[in-house]
Structures are given as structure tokens and as C-alpha cells.
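The next block holds one structure in the form of C-alpha cells; read it before the comments.
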Amino acid sequence: MYNTKAYSAASATSPLSSTKIARRDPTEHDVQIEILFCGICHSDLHMVRNEWGGTVYPIVPGHEMVGRITQIGSAVTKYKPGDLAGVGCLVDSDGTCPQCKANLEQFCPNLTLTYNSPDKHLGGVTYGGYSNSIVVDERFVLRVPDNLDLAGVAPLLCAGITTYSPLRHWGITEGKKVGVVGLGGLGHMGVKFARAFGAHVVVFTTSPEKTEDALRLGADEVVVSRNADEMQKHAGSFDFILDTVSAKHDINTYLNLLRVDGNITLVGAPEKPLDVSAFSLIMGRRNLSGSNIGGIAETQEMLDFCGEHNITADVEVIPIQKVNEAYERLLKSDVKYRFCIDMASLKSE
Ligand code: NAP
Ligand code: ZN
């Protein structure tokens, strides 16, 4: 066991502050990583403030890590010290259930999340990436393309895979009309991927000042969702809509924009339930579904795709000392388009 610096919250109402946490010494299948950058996901905020229930304190959030391998266990074959590595939302799963066998570890009943899951090695709960170092089983470590900006790569480990996976699953290709609701961390990656897959992309935003950015990020059209007339112009026309909104909103408005047999997939996870009118689904045999990050193999496929197509997140890099301020800005939809912590800033604490 060794200690490393981290940022943790002591309760749902406490700010994040500097601390030290224990990490296990690498076992034979483990990789030890010096964390260079860690993205800030809105899920970190939901969890720190216990908006979904079940948060164990102190919590060390962070599941969008990129770093350099510092040490490997004796049985590790995929990596060597000095390699770049990524870690996302998952650090372990049982490997034997039907979901794991189908490369869908994110649905394993015995999965270990990167933070706030029971820690099989040290007891207590797992601690995430707002820290200088982490130890992870090599099966859950991702190879990072070496041609990309590392700060922009970190958010791919959650925001990237969470948007890539449903777009792939629902067959988004050229000729499809795709909506992306909410232009935040997930939304802006959804736009980049839908564009890269050849779709006609329409962004729905509550923030008119994001219009120019949305077009630059790859949208063909931008609709300010508070404008009912603009919304109505798109009624019954979408093949697929990806809803990334983090707070309660009217999903029926978007269901009504789907064509017959169209699909809206929720990846946003608001604290409060959404109301669905039966008629929004009945009229048009529409589908409402959800998606949770992605499996490890698909996450690697996504990173490789990003390497080939030069895709990264648009990040505002911050020192960790600004993390509480960043959370307040997230709540105001004031992020362009992902905060990413430069973990070197933690070393001086
Ligand atoms: P984010 O960066 O804060 O983006 C959310 C965006 O939603 C905002 O930028 C804003 O976009 C829009 N929005 C916020 N409040 C709104 C409201 N009251 N009404 C309408 N639109 C609103 O958050 P994120 O990191 O992308 O995460 C988004 C959600 O996905 C969170 O709930 C998060 O927990 C969840 N998540 C799910 C998964 C999964 O696997 N399913 C993975 C990661 C995150 P505009 O300014 O453009 O309107
Ligand atoms: Zn996340």
C-alpha cells in the first residue's frame, strides 16, 4: 500500500479539498498509472452531492483519466512502464456473466466502478481520478493514441464512449437525421461523432450563445429549444435523438420530433424522473431507450477511431484548486465543453 494525493468531499454539502488516500501496490495483473489529466463529468457532481443516492463519503470522484504507466505487475503483457494509458468509469467486473462475455462489462451485475464501489483489495470504496496515481487491472486499462492532445483525450474515457456507443448501437450512418440535446461535455462529443459517422446533425440547446460553437463542432443546424416555432419545424423528422441533459426537462417535446419508429436515447441522468406522455410514444411507434457508457473493447475502438480521425474533446484545462468553481459553472451550463484537471497542480498541495 502507498499514499497518493487526491481531492475528496466529506459530505454532500462540503467542497472538494486536498487529502491523501491509500492505493494498493500493483498485484501481478495490475498497472500503476501517474494521472496527468482527469476530466470533470457531470456525474461527478451528481455523485459528490448525492443526487442519485448511495454516495459513500469521503468520495474521490473522477473517471476520465489519462496518464503514464509507472509500474506493472509481473503478469502484465499489454503494457510497459512509460506507455500512455487511459482509465474510464470501470475498473473491474466478474468476467463470467453473459454481459461480460458479450463485451458489455458496463452491465455486469458485479462491476466495480472507478469510484464509490466496494474496493475488493483495500476494503471501503474505490477512489477515482482526482488524484496523482491509480492502480488498475490491465483488463480495464485503455491504450491511448499518441497523436492526440492528452487533455482532450481524457474526456473520451466517459463523455466520448457514452456518446459513441449509442450512436454505433443504433446504426447512425450517412443519411440519418440525428438530434443532440444539450451542448455540454457529452453533447459536444455526440455532435463530433454523429458528424464523423456522416449523419445530418441538429443541436438542441437552451443557450443561444453556443450556436456558433455548435456549428464549428460539426452541427448542420442549431435549434434554440425554448423557441417553440423552431422546434415545430422539425416535428416528426428525426431518425435518432441523443438526450444528454443533466436536469429535469420535457422529453415529450423531443419524442414528438421523431419520425415513425424513431428512437430517443437518454444518456443524461437527471436527479428527478422525467414525465412521459403515452401518446408521445404511441403516435409514431416511437422508442425511448437509455445507454450506459460502453464496454472496454468498444472504448478501445472509440479511442482508436479518435486517433484515426483526430477527434478530441474541447477542454478548458484547470488546476485542481478550481474544481469547486468548475462545479458551480457546470450547474449554469457554463462549460466549453469539458473541464479537464491538469493533475500536476495537485503535486504542489
Ligand atoms: P454537462 O457538461 O453539464 O452538460 C449538460 C448540458 O445539458 C448543459 O450544458 C446544457 O446544455 C443542458 N442542460 C443543463 N441543464 C438543463 C436544463 N435544466 N434544461 C435543458 N437543458 C439543460 O454534463 P455532462 O457531463 O455532459 O453530463 C450530462 C448528463 O449525462 C449528466 O446527467 C451525467 O450524469 C450523465 N452521464 C451519463 C452517462 C451514461 O453512461 N449514461 C455517462 C456520463 C454522464 P445547453 O446549454 O446546450 O442547453
Ligand atoms: Zn462520466
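Just so we're on the same page: first chain in the C-alpha cells is A, next is B, and so on; residues restart at 1 for each chain, and ligands are numbered from 1 in the order they show up.
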
Discussion item. Any residue with an atom at most 10 Å from ligand 2 counts, using only C-alpha atoms and all ligand atoms. Which are they? Put them as a list of chain:residue names.
Written reply: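 Checked against 10 Å with only C-alpha atoms and all ligand atoms; the hits are A:Gly39, A:Ile40, A:Cys41, A:His42, A:Ser43, A:Asp44, A:Leu45, A:Pro61, A:Gly62, A:His63, A:Glu64, A:Gly88, A:Cys89, A:Pro155, A:Leu156, A:Leu157, A:Cys158, A:Ala159, A:Gly160, A:Ile161, A:Thr162, A:Gly185, A:Leu186, A:Gly268, A:Asn292, A:Ile293.
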
Worksheet entry | Long-range neighbours of segment 314-325 of chain A as an NGL selection string, 9 Å cut-off, only C-alpha atoms, 6 positions minimum in chain | :A and (7 or 15-18 or 37 or 39-40 or 130 or 151-152 or 155 or 185 or 188-189 or 335-346)

Worksheet entry | Best match for closeness to His46 of chain A among A:Val202, A:Ala247, A:Leu217, A:Ile264, counting only C-alpha atoms |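 Nearest candidate to His46 of chain A out of A:Val202, A:Ala247, A:Leu217, A:Ile264: A:Ala247.
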
Discussion item. Calculated over only C-alpha atoms and all ligand atoms, which of the candidates A:Asp92, A:Asp243, A:Glu34, A:Glu230 has the smallest distance to ligand 1?
Written reply: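 The answer is A:Asp243, which sits nearest to ligand 1.
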
Worksheet item: What lies within 9 Å of Arg259 of chain A using only C-alpha atoms, ignoring chain neighbours under 3 positions off, as a VMD selection string?
Response: chain A and resid 235 to 240 255 to 256 262 to 263 284 to 286

Expected file contents, prior selection, N, CA and C atoms, as a compact mmCIF listing (two decimals), in the first residue's frame:
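The resulting file, part-v4.txt, is shown below:
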# COMPACT_ATOMS: atom_id res chain seq x y z
N ALA A 235 -40.80 18.73 -36.44
CA ALA A 235 -41.71 17.69 -35.95
C ALA A 235 -41.69 16.46 -36.85
N GLY A 236 -41.62 15.27 -36.25
CA GLY A 236 -41.73 14.00 -36.98
C GLY A 236 -40.61 13.73 -37.96
N SER A 237 -39.42 14.30 -37.76
CA SER A 237 -38.39 14.18 -38.81
C SER A 237 -37.10 13.45 -38.40
N PHE A 238 -36.93 13.18 -37.14
CA PHE A 238 -35.63 12.61 -36.71
C PHE A 238 -35.61 11.09 -36.68
N ASP A 239 -34.50 10.53 -37.16
CA ASP A 239 -34.28 9.09 -37.01
C ASP A 239 -33.87 8.77 -35.58
N PHE A 240 -33.07 9.66 -35.00
CA PHE A 240 -32.46 9.36 -33.70
C PHE A 240 -32.17 10.66 -32.97
N LEU A 255 -39.65 13.65 -28.11
CA LEU A 255 -40.29 12.46 -28.69
C LEU A 255 -41.11 12.85 -29.91
N ASN A 256 -41.77 14.00 -29.83
CA ASN A 256 -42.62 14.45 -30.94
C ASN A 256 -41.83 14.86 -32.18
N GLY A 262 -38.80 6.13 -34.89
CA GLY A 262 -37.58 6.82 -34.44
C GLY A 262 -37.25 6.47 -33.00
N ASN A 263 -36.03 6.79 -32.61
CA ASN A 263 -35.54 6.43 -31.28
C ASN A 263 -34.91 7.64 -30.58
N GLY A 284 -46.72 7.13 -33.68
CA GLY A 284 -45.45 7.04 -34.39
C GLY A 284 -44.60 5.85 -33.95
N ARG A 285 -45.20 4.97 -33.05
CA ARG A 285 -44.46 3.77 -32.63
C ARG A 285 -43.01 4.12 -32.26
N ARG A 286 -42.89 5.18 -31.47
CA ARG A 286 -41.55 5.68 -31.16
C ARG A 286 -40.91 4.91 -30.02

Item to complete: May I have the residues within 9 Å of Lys272 of chain A as a PyMOL selection string, using only C-alpha atoms and disregarding those fewer than 4 positions away in the same chain?
Response: chain A and resi 51-52+247-248

Those selected residues, please, written with N, CA and C atoms and delivered as a PDB file, in the first residue's frame.
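Okay, this is what ended up in result_33.pdb:
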ATOM      1  N   GLU A  51     -26.908  13.177  -5.447  1.00  0.00           N
ATOM      2  CA  GLU A  51     -28.194  13.404  -6.119  1.00  0.00           C
ATOM      3  C   GLU A  51     -28.850  12.106  -6.570  1.00  0.00           C
ATOM      4  N   TRP A  52     -28.057  11.052  -6.736  1.00  0.00           N
ATOM      5  CA  TRP A  52     -28.636   9.758  -7.144  1.00  0.00           C
ATOM      6  C   TRP A  52     -28.820   8.816  -5.946  1.00  0.00           C
ATOM      7  N   ALA A 247     -30.467  17.751 -16.217  1.00  0.00           N
ATOM      8  CA  ALA A 247     -31.505  18.213 -15.280  1.00  0.00           C
ATOM      9  C   ALA A 247     -32.878  17.879 -15.858  1.00  0.00           C
ATOM     10  N   LYS A 248     -33.898  18.014 -15.014  1.00  0.00           N
ATOM     11  CA  LYS A 248     -35.259  17.689 -15.450  1.00  0.00           C
ATOM     12  C   LYS A 248     -35.665  18.578 -16.631  1.00  0.00           C
TER      13      LYS A 248
END

Practice prompt. Just the residues within 10 Å of Lys210 of chain A, please, counting only C-alpha atoms, with nothing from its chain fewer than 6 positions along; format it as number ranges by chain.
Written response: A: 183-184, 203, 216, 222, 224, 334, 336

Taking the DSSP secondary structure from the backbone, can you list the residues of segment 72-300 of chain A that are alpha helix (DSSP H), as a compact mmCIF listing (two decimals) with C-alpha atoms, in the first residue's frame?
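result-v9.txt written:
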# COMPACT_ATOMS: atom_id res chain seq x y z
CA PRO A 98 -23.34 -13.11 -20.08
CA GLN A 99 -22.78 -9.34 -20.27
CA CYS A 100 -19.04 -9.63 -19.69
CA LYS A 101 -18.85 -12.44 -22.25
CA LEU A 150 -3.75 14.44 -23.83
CA ALA A 151 -6.01 16.93 -22.05
CA GLY A 152 -8.53 16.49 -24.87
CA VAL A 153 -8.22 12.70 -24.70
CA ALA A 159 -18.09 11.58 -22.46
CA GLY A 160 -16.56 10.00 -25.59
CA ILE A 161 -17.64 6.40 -25.13
CA THR A 162 -21.06 7.35 -23.68
CA THR A 163 -21.96 9.10 -26.94
CA TYR A 164 -20.04 6.87 -29.37
CA SER A 165 -21.69 3.68 -28.10
CA PRO A 166 -25.39 4.52 -28.62
CA LEU A 167 -24.68 6.16 -31.98
CA ARG A 168 -23.00 2.93 -33.10
CA HIS A 169 -25.60 0.69 -31.48
CA GLY A 185 -19.42 17.56 -22.20
CA LEU A 186 -21.39 14.63 -23.59
CA GLY A 187 -23.34 16.67 -26.13
CA HIS A 188 -20.32 18.17 -27.86
CA MET A 189 -18.78 14.70 -28.24
CA GLY A 190 -22.12 13.41 -29.58
CA VAL A 191 -22.01 16.12 -32.24
CA LYS A 192 -18.44 15.24 -33.24
CA PHE A 193 -19.17 11.51 -33.53
CA ALA A 194 -22.53 11.87 -35.30
CA ARG A 195 -20.82 14.16 -37.80
CA ALA A 196 -17.90 11.75 -38.24
CA THR A 211 -24.88 28.44 -31.68
CA GLU A 212 -21.63 29.36 -33.41
CA ASP A 213 -19.67 26.76 -31.45
CA ALA A 214 -22.24 24.09 -32.26
CA LEU A 215 -21.76 24.73 -35.99
CA ARG A 216 -17.97 24.72 -35.59
CA LEU A 217 -18.16 21.41 -33.68
CA ALA A 228 -41.49 26.52 -29.92
CA ASP A 229 -41.78 27.61 -33.58
CA GLU A 230 -38.25 26.48 -34.39
CA MET A 231 -38.92 23.16 -32.65
CA GLN A 232 -42.16 22.62 -34.58
CA ILE A 251 -38.83 14.73 -23.00
CA ASN A 252 -42.20 14.74 -24.83
CA THR A 253 -41.10 17.77 -26.83
CA TYR A 254 -38.28 15.66 -28.26
CA LEU A 255 -40.29 12.46 -28.69
CA ALA A 278 -48.08 7.68 -23.59
CA PHE A 279 -49.20 9.50 -26.72
CA SER A 280 -45.69 10.73 -27.46
CA LEU A 281 -44.73 7.07 -27.90
CA ILE A 282 -47.96 5.64 -29.32
CA ILE A 296 -13.92 -1.95 -22.68
CA ALA A 297 -13.48 -3.30 -26.22
CA GLU A 298 -15.76 -0.62 -27.61
CA THR A 299 -13.96 2.06 -25.59
CA GLN A 300 -10.70 0.95 -27.22
